[in-house]
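The file coords14.tsv contains TSV, C-alpha atoms:
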```tsv
chain	number	residue	atom	x	y	z
A	1	MET	CA	95.95	84.49	104.41
A	2	ASP	CA	96.61	84.08	100.70
A	3	ARG	CA	96.77	80.34	100.01
A	4	LEU	CA	98.68	80.75	96.72
A	5	ALA	CA	101.39	82.85	98.38
A	6	VAL	CA	101.80	80.33	101.22
A	7	GLU	CA	101.78	77.36	98.83
A	8	LYS	CA	104.46	78.93	96.61
A	9	ALA	CA	106.67	79.43	99.67
A	10	LYS	CA	106.08	75.83	100.76
A	11	GLU	CA	106.91	74.56	97.25
A	12	LEU	CA	110.15	76.53	97.34
A	13	ASN	CA	111.06	75.06	100.73
A	14	ARG	CA	110.33	71.54	99.42
A	15	ARG	CA	112.53	72.20	96.36
A	16	ARG	CA	115.37	73.47	98.57
A	17	PRO	CA	115.38	71.19	101.63
A	18	GLY	CA	117.89	71.75	104.39
A	19	LEU	CA	117.87	75.54	104.36
A	20	SER	CA	119.46	77.03	107.45
A	21	PHE	CA	118.13	80.08	109.25
A	22	PRO	CA	118.42	82.92	108.69
A	23	VAL	CA	117.99	81.96	105.03
A	24	ASP	CA	120.79	82.95	102.66
A	25	MET	CA	118.42	84.82	100.34
A	26	GLU	CA	121.11	85.82	97.85
A	27	TRP	CA	121.95	82.16	97.27
A	28	LEU	CA	118.27	81.14	97.17
A	29	ALA	CA	117.32	83.87	94.68
A	30	ARG	CA	120.20	82.86	92.39
A	31	ALA	CA	119.30	79.17	92.75
A	32	GLU	CA	115.77	80.08	91.57
A	33	GLY	CA	117.09	81.87	88.47
A	34	CYS	CA	117.11	85.47	89.68
A	35	GLU	CA	120.02	87.89	89.55
A	36	LEU	CA	120.60	90.55	92.17
A	37	LEU	CA	121.75	94.06	91.35
A	38	TYR	CA	122.61	96.77	93.86
A	39	TRP	CA	121.77	100.34	92.88
A	40	PRO	CA	121.93	103.79	94.48
A	41	PHE	CA	118.13	104.19	94.37
A	42	LEU	CA	116.74	107.57	95.37
A	43	GLY	CA	113.77	108.40	97.57
A	44	PRO	CA	111.44	105.69	98.76
A	45	VAL	CA	112.56	103.07	96.19
A	46	LYS	CA	114.31	100.14	97.85
A	47	GLU	CA	113.50	97.17	95.57
A	48	VAL	CA	112.55	96.72	91.93
A	49	LYS	CA	111.71	93.45	90.15
A	50	ARG	CA	111.93	93.18	86.37
A	51	GLY	CA	112.18	89.84	84.58
A	52	ARG	CA	114.82	87.77	86.37
A	53	TRP	CA	116.45	90.85	87.88
A	54	ILE	CA	115.92	91.99	91.47
A	55	GLY	CA	117.31	95.46	92.04
A	56	LEU	CA	118.05	96.41	95.63
A	57	ALA	CA	119.11	99.71	97.18
A	58	ARG	CA	122.74	99.68	98.29
A	59	CYS	CA	121.98	101.25	101.67
A	60	LEU	CA	119.88	98.38	103.13
A	61	ASP	CA	120.80	96.68	106.38
A	62	GLN	CA	121.13	92.89	106.32
A	63	ALA	CA	117.61	92.14	107.63
A	64	GLU	CA	115.96	94.50	105.15
A	65	ARG	CA	118.11	93.18	102.28
A	66	ARG	CA	117.07	89.60	103.17
A	67	HIS	CA	113.40	90.68	103.35
A	68	LEU	CA	113.38	92.59	100.06
A	69	THR	CA	115.28	89.83	98.23
A	70	ALA	CA	112.60	87.38	99.41
A	71	HIS	CA	109.92	89.87	98.32
A	72	GLY	CA	111.44	90.12	94.83
A	73	LEU	CA	111.78	86.33	94.64
A	74	ALA	CA	108.12	86.01	95.66
A	75	HIS	CA	107.14	88.25	92.73
A	76	HIS	CA	109.25	86.00	90.50
A	77	LEU	CA	107.44	82.90	91.78
A	78	LEU	CA	103.93	84.38	91.80
A	79	HIS	CA	103.62	87.00	89.09
A	80	SER	CA	105.89	86.05	86.21
A	81	GLY	CA	104.52	87.42	82.96
A	82	ASN	CA	101.63	89.12	84.74
A	83	GLN	CA	102.67	92.78	84.65
A	84	LEU	CA	100.16	94.46	82.34
A	85	SER	CA	98.89	98.01	82.61
A	86	PHE	CA	95.12	98.56	82.70
A	87	HIS	CA	94.80	102.07	84.20
A	88	GLY	CA	92.21	101.93	87.05
A	89	TRP	CA	92.51	98.16	87.45
A	90	GLN	CA	96.28	98.43	87.79
A	91	LYS	CA	96.25	100.06	91.24
A	92	ILE	CA	94.03	97.34	92.70
A	93	SER	CA	96.01	94.58	90.99
A	94	LEU	CA	99.35	96.04	92.12
A	95	ARG	CA	98.20	96.27	95.75
A	96	LYS	CA	97.05	92.64	95.59
A	97	GLN	CA	100.35	91.53	94.03
A	98	GLU	CA	102.36	93.45	96.62
A	99	ARG	CA	100.42	91.84	99.46
A	100	GLU	CA	100.83	88.36	97.91
A	101	ALA	CA	104.57	88.93	97.48
A	102	GLU	CA	104.91	90.18	101.05
A	103	GLU	CA	103.06	87.16	102.45
A	104	CYS	CA	105.04	84.72	100.31
A	105	ALA	CA	108.30	86.41	101.37
A	106	ALA	CA	107.30	86.08	105.04
A	107	HIS	CA	106.66	82.35	104.58
A	108	ILE	CA	109.91	81.85	102.62
A	109	LEU	CA	111.89	83.51	105.41
A	110	MET	CA	109.87	82.07	108.31
A	111	PRO	CA	108.42	78.68	107.29
A	112	GLU	CA	105.64	77.21	109.40
A	113	GLU	CA	107.67	74.19	110.59
A	114	GLU	CA	110.67	76.30	111.66
A	115	LEU	CA	108.47	78.92	113.31
A	116	ALA	CA	106.72	76.18	115.31
A	117	LYS	CA	110.08	75.10	116.77
A	118	LEU	CA	110.42	78.49	118.47
A	119	GLY	CA	107.27	78.05	120.52
A	120	SER	CA	105.73	81.09	122.15
A	121	VAL	CA	108.34	83.86	122.01
A	122	PRO	CA	108.17	87.63	121.57
A	123	VAL	CA	108.14	89.06	118.03
A	124	TRP	CA	111.60	90.56	118.46
A	125	GLU	CA	113.03	87.07	119.12
A	126	ILE	CA	111.36	85.73	115.97
A	127	ALA	CA	112.84	88.64	113.99
A	128	GLU	CA	116.29	88.03	115.47
A	129	TYR	CA	116.18	84.25	114.87
A	130	PHE	CA	115.13	84.58	111.23
A	131	GLY	CA	117.17	87.73	110.54
A	132	VAL	CA	114.19	89.79	109.37
A	133	PRO	CA	112.73	93.19	110.25
A	134	GLU	CA	110.51	93.10	113.35
A	135	GLU	CA	107.50	94.40	111.39
A	136	LEU	CA	107.68	91.44	108.98
A	137	ALA	CA	107.90	89.01	111.92
A	138	ARG	CA	104.82	90.68	113.45
A	139	GLN	CA	102.91	90.35	110.17
A	140	ARG	CA	103.96	86.71	109.86
A	141	VAL	CA	102.39	85.75	113.20
A	142	THR	CA	99.27	87.89	112.76
A	143	GLU	CA	97.88	88.62	109.31
A	144	PHE	CA	100.04	86.02	107.50
A	145	ALA	CA	99.50	83.15	109.96
A	146	THR	CA	98.07	79.93	108.51
A	147	ASP	CA	94.83	78.43	109.79
A	148	THR	CA	96.82	75.56	111.32
A	149	GLU	CA	99.04	77.99	113.22
A	150	ILE	CA	96.09	79.98	114.52
A	151	VAL	CA	94.42	76.83	115.85
A	152	ARG	CA	97.70	75.65	117.41
A	153	TRP	CA	98.36	79.02	119.05
A	154	GLN	CA	94.81	79.22	120.43
A	155	THR	CA	94.83	75.70	121.88
A	156	PRO	CA	96.03	75.60	125.51
A	157	GLY	CA	99.29	73.68	125.89
A	158	GLN	CA	100.16	74.05	122.19
A	159	SER	CA	102.64	76.60	120.83
```

Target encoding structure tokens, full file:
Amino acid sequence: MDRLAVEKAKELNRRRPGLSFPVDMEWLARAEGCELLYWPFLGPVKEVKRGRWIGLARCLDQAERRHLTAHGLAHHLLHSGNQLSFHGWQKISLRKQEREAEECAAHILMPEEELAKLGSVPVWEIAEYFGVPEELARQRVTEFATDTEIVRWQTPGQS
């Protein structure tokens, strides 16, 4: 778990109390100063973040669009002004930034308090409730789980 990514998501949720689920990511991104653009990207490109702009592929389904908007917003919150090119270092740094953005996005879309309300349910139900891709929901309850969640999930009678 990346504490900075989780904390940035929590800060965002504190700044924007009363969010409903699934989160209206287009509204949230705009409220945080980002602008969304939809482009006919080719190949594997689905999302691009540059300055305050989040570019999204036009062909995305609603869950993937919500996910990638949150991912772009996470870059905005975490990595503003931090995109420098240093050859060999860049690949390692970019992987780290992508993982941080993915974890932050998962916590923006599926906050700890709201996830706890669901109790012990299958991953597909979490994905459906939060309107996210199933793979992101799986990551959220495994590799992106907080220490508090892990303890709660491992304690009998808690979920």

Taking into account all atoms listed in the file, which residue in the set A:Glu103, A:Glu135, A:Glu128, A:Glu112 is nearest to Thr148 (chain A)?
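Ranking A:Glu103, A:Glu135, A:Glu128, A:Glu112 by distance to Thr148 (chain A), first place goes to A:Glu112.
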
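Nearest-residue note for Ala127 (chain A): choosing from A:Phe21, A:Glu100, A:Leu28, A:Ala74, the minimum distance belongs to A:Phe21, counting all atoms listed in the file.
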
For Ala9 (chain A), which residue out of A:Gly119, A:Pro40, A:Pro111, A:Gly72 is the nearest one, using all atoms listed in the file?
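Once distances to Ala9 (chain A) are computed over all atoms listed in the file, the minimum belongs to A:Pro111.
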
Determine, counting all atoms listed in the file, which protein, DNA and RNA residues have an atom within 9 Å of an atom of Ala106 (chain A); residues of the same chain fewer than 4 positions away are not included. Present the result as a list of chain:residue names.
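What passes the distance filter is A:Val6, A:Ala9, A:His67, A:Ala70, A:His71, A:Ala101, A:Glu102, A:Met110, A:Pro111, A:Val132, A:Leu136, A:Ala137, A:Gln139, A:Arg140, A:Phe144.
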
Separation of CA of Met25 (chain A) from CA of Glu113 (chain A) in Å:
18.3 Å

If we count only C-alpha atoms and set the cut-off at 12 Å, which residues sit around Val121 (chain A), ignoring sequence neighbours fewer than 3 positions away in its own chain? Please answer as a PyMOL selection string.
chain A and resi 115-118+124-129+137-138+141+153+159

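Distances to Leu36 (chain A) were evaluated for A:Leu78, A:Leu109, A:Ala57, A:Leu4 using all atoms listed in the file, and the minimum falls at A:Ala57.
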
What does the structure give for the distance between CA of Arg14 (chain A) and CA of Ile108 (chain A), in Å to one decimal?
10.8 Å

Mind giving me the straight-line distance from CA of Glu64 (chain A) to CA of Leu94 (chain A) in Å, one decimal?
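Spanning CA of Glu64 (chain A) to CA of Leu94 (chain A) is a straight-line distance of 21.2 Å.
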
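Minimum distance to Thr146 (chain A) across A:Ala31, A:Leu77, A:Met1, A:Cys59 (counting all atoms listed in the file) occurs at A:Met1.
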
Nearest to Pro44 (chain A): which of A:Leu60, A:Thr142, A:Ala29, A:His76 is it, counting only C-alpha atoms?
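Going through A:Leu60, A:Thr142, A:Ala29, A:His76 one by one, the smallest distance to Pro44 (chain A) is for A:Leu60.
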
Can you sort out region 119-146 of chain A so it carries N, CA and C atoms, written as a compact mmCIF listing (two decimals), in the frame of the given file?
```txt
# COMPACT_ATOMS: atom_id res chain seq x y z
N GLY A 119 108.27 77.98 119.46
CA GLY A 119 107.27 78.05 120.52
C GLY A 119 106.74 79.46 120.67
N SER A 120 106.33 79.78 121.87
CA SER A 120 105.73 81.09 122.15
C SER A 120 106.83 82.06 122.62
N VAL A 121 107.29 82.88 121.69
CA VAL A 121 108.34 83.86 122.01
C VAL A 121 107.92 85.23 121.50
N PRO A 122 108.51 86.29 122.04
CA PRO A 122 108.17 87.63 121.57
C PRO A 122 108.56 87.84 120.10
N VAL A 123 107.90 88.77 119.44
CA VAL A 123 108.14 89.06 118.03
C VAL A 123 109.60 89.43 117.78
N TRP A 124 110.21 90.17 118.69
CA TRP A 124 111.60 90.56 118.46
C TRP A 124 112.52 89.34 118.41
N GLU A 125 112.22 88.30 119.16
CA GLU A 125 113.03 87.07 119.12
C GLU A 125 112.84 86.34 117.80
N ILE A 126 111.62 86.34 117.28
CA ILE A 126 111.36 85.73 115.97
C ILE A 126 112.17 86.48 114.92
N ALA A 127 112.11 87.81 114.96
CA ALA A 127 112.84 88.64 113.99
C ALA A 127 114.34 88.37 114.08
N GLU A 128 114.85 88.28 115.28
CA GLU A 128 116.29 88.03 115.47
C GLU A 128 116.68 86.64 114.95
N TYR A 129 115.88 85.63 115.28
CA TYR A 129 116.18 84.25 114.87
C TYR A 129 116.22 84.11 113.35
N PHE A 130 115.23 84.72 112.68
CA PHE A 130 115.13 84.58 111.23
C PHE A 130 115.88 85.68 110.47
N GLY A 131 116.41 86.67 111.19
CA GLY A 131 117.17 87.73 110.54
C GLY A 131 116.32 88.62 109.66
N VAL A 132 115.12 88.97 110.14
CA VAL A 132 114.19 89.79 109.37
C VAL A 132 113.79 91.02 110.18
N PRO A 133 113.24 92.04 109.52
CA PRO A 133 112.73 93.19 110.25
C PRO A 133 111.60 92.77 111.21
N GLU A 134 111.52 93.43 112.35
CA GLU A 134 110.51 93.10 113.35
C GLU A 134 109.09 93.23 112.80
N GLU A 135 108.85 94.21 111.96
CA GLU A 135 107.50 94.40 111.39
C GLU A 135 107.09 93.19 110.54
N LEU A 136 108.01 92.62 109.78
CA LEU A 136 107.68 91.44 108.98
C LEU A 136 107.40 90.24 109.89
N ALA A 137 108.15 90.10 110.96
CA ALA A 137 107.90 89.01 111.92
C ALA A 137 106.51 89.18 112.55
N ARG A 138 106.14 90.42 112.89
CA ARG A 138 104.82 90.68 113.45
C ARG A 138 103.73 90.30 112.45
N GLN A 139 103.89 90.70 111.20
CA GLN A 139 102.91 90.35 110.17
C GLN A 139 102.81 88.84 110.00
N ARG A 140 103.95 88.16 110.07
CA ARG A 140 103.96 86.71 109.86
C ARG A 140 103.12 85.98 110.89
N VAL A 141 103.14 86.44 112.15
CA VAL A 141 102.39 85.75 113.20
C VAL A 141 100.99 86.33 113.42
N THR A 142 100.63 87.34 112.65
CA THR A 142 99.27 87.89 112.76
C THR A 142 98.55 87.70 111.43
N GLU A 143 98.66 88.67 110.55
CA GLU A 143 97.88 88.62 109.31
C GLU A 143 98.33 87.54 108.32
N PHE A 144 99.56 87.05 108.42
CA PHE A 144 100.04 86.02 107.50
C PHE A 144 100.08 84.63 108.13
N ALA A 145 99.53 84.46 109.31
CA ALA A 145 99.50 83.15 109.96
C ALA A 145 98.57 82.21 109.19
N THR A 146 98.93 80.93 109.15
CA THR A 146 98.07 79.93 108.51
C THR A 146 96.96 79.53 109.48
```
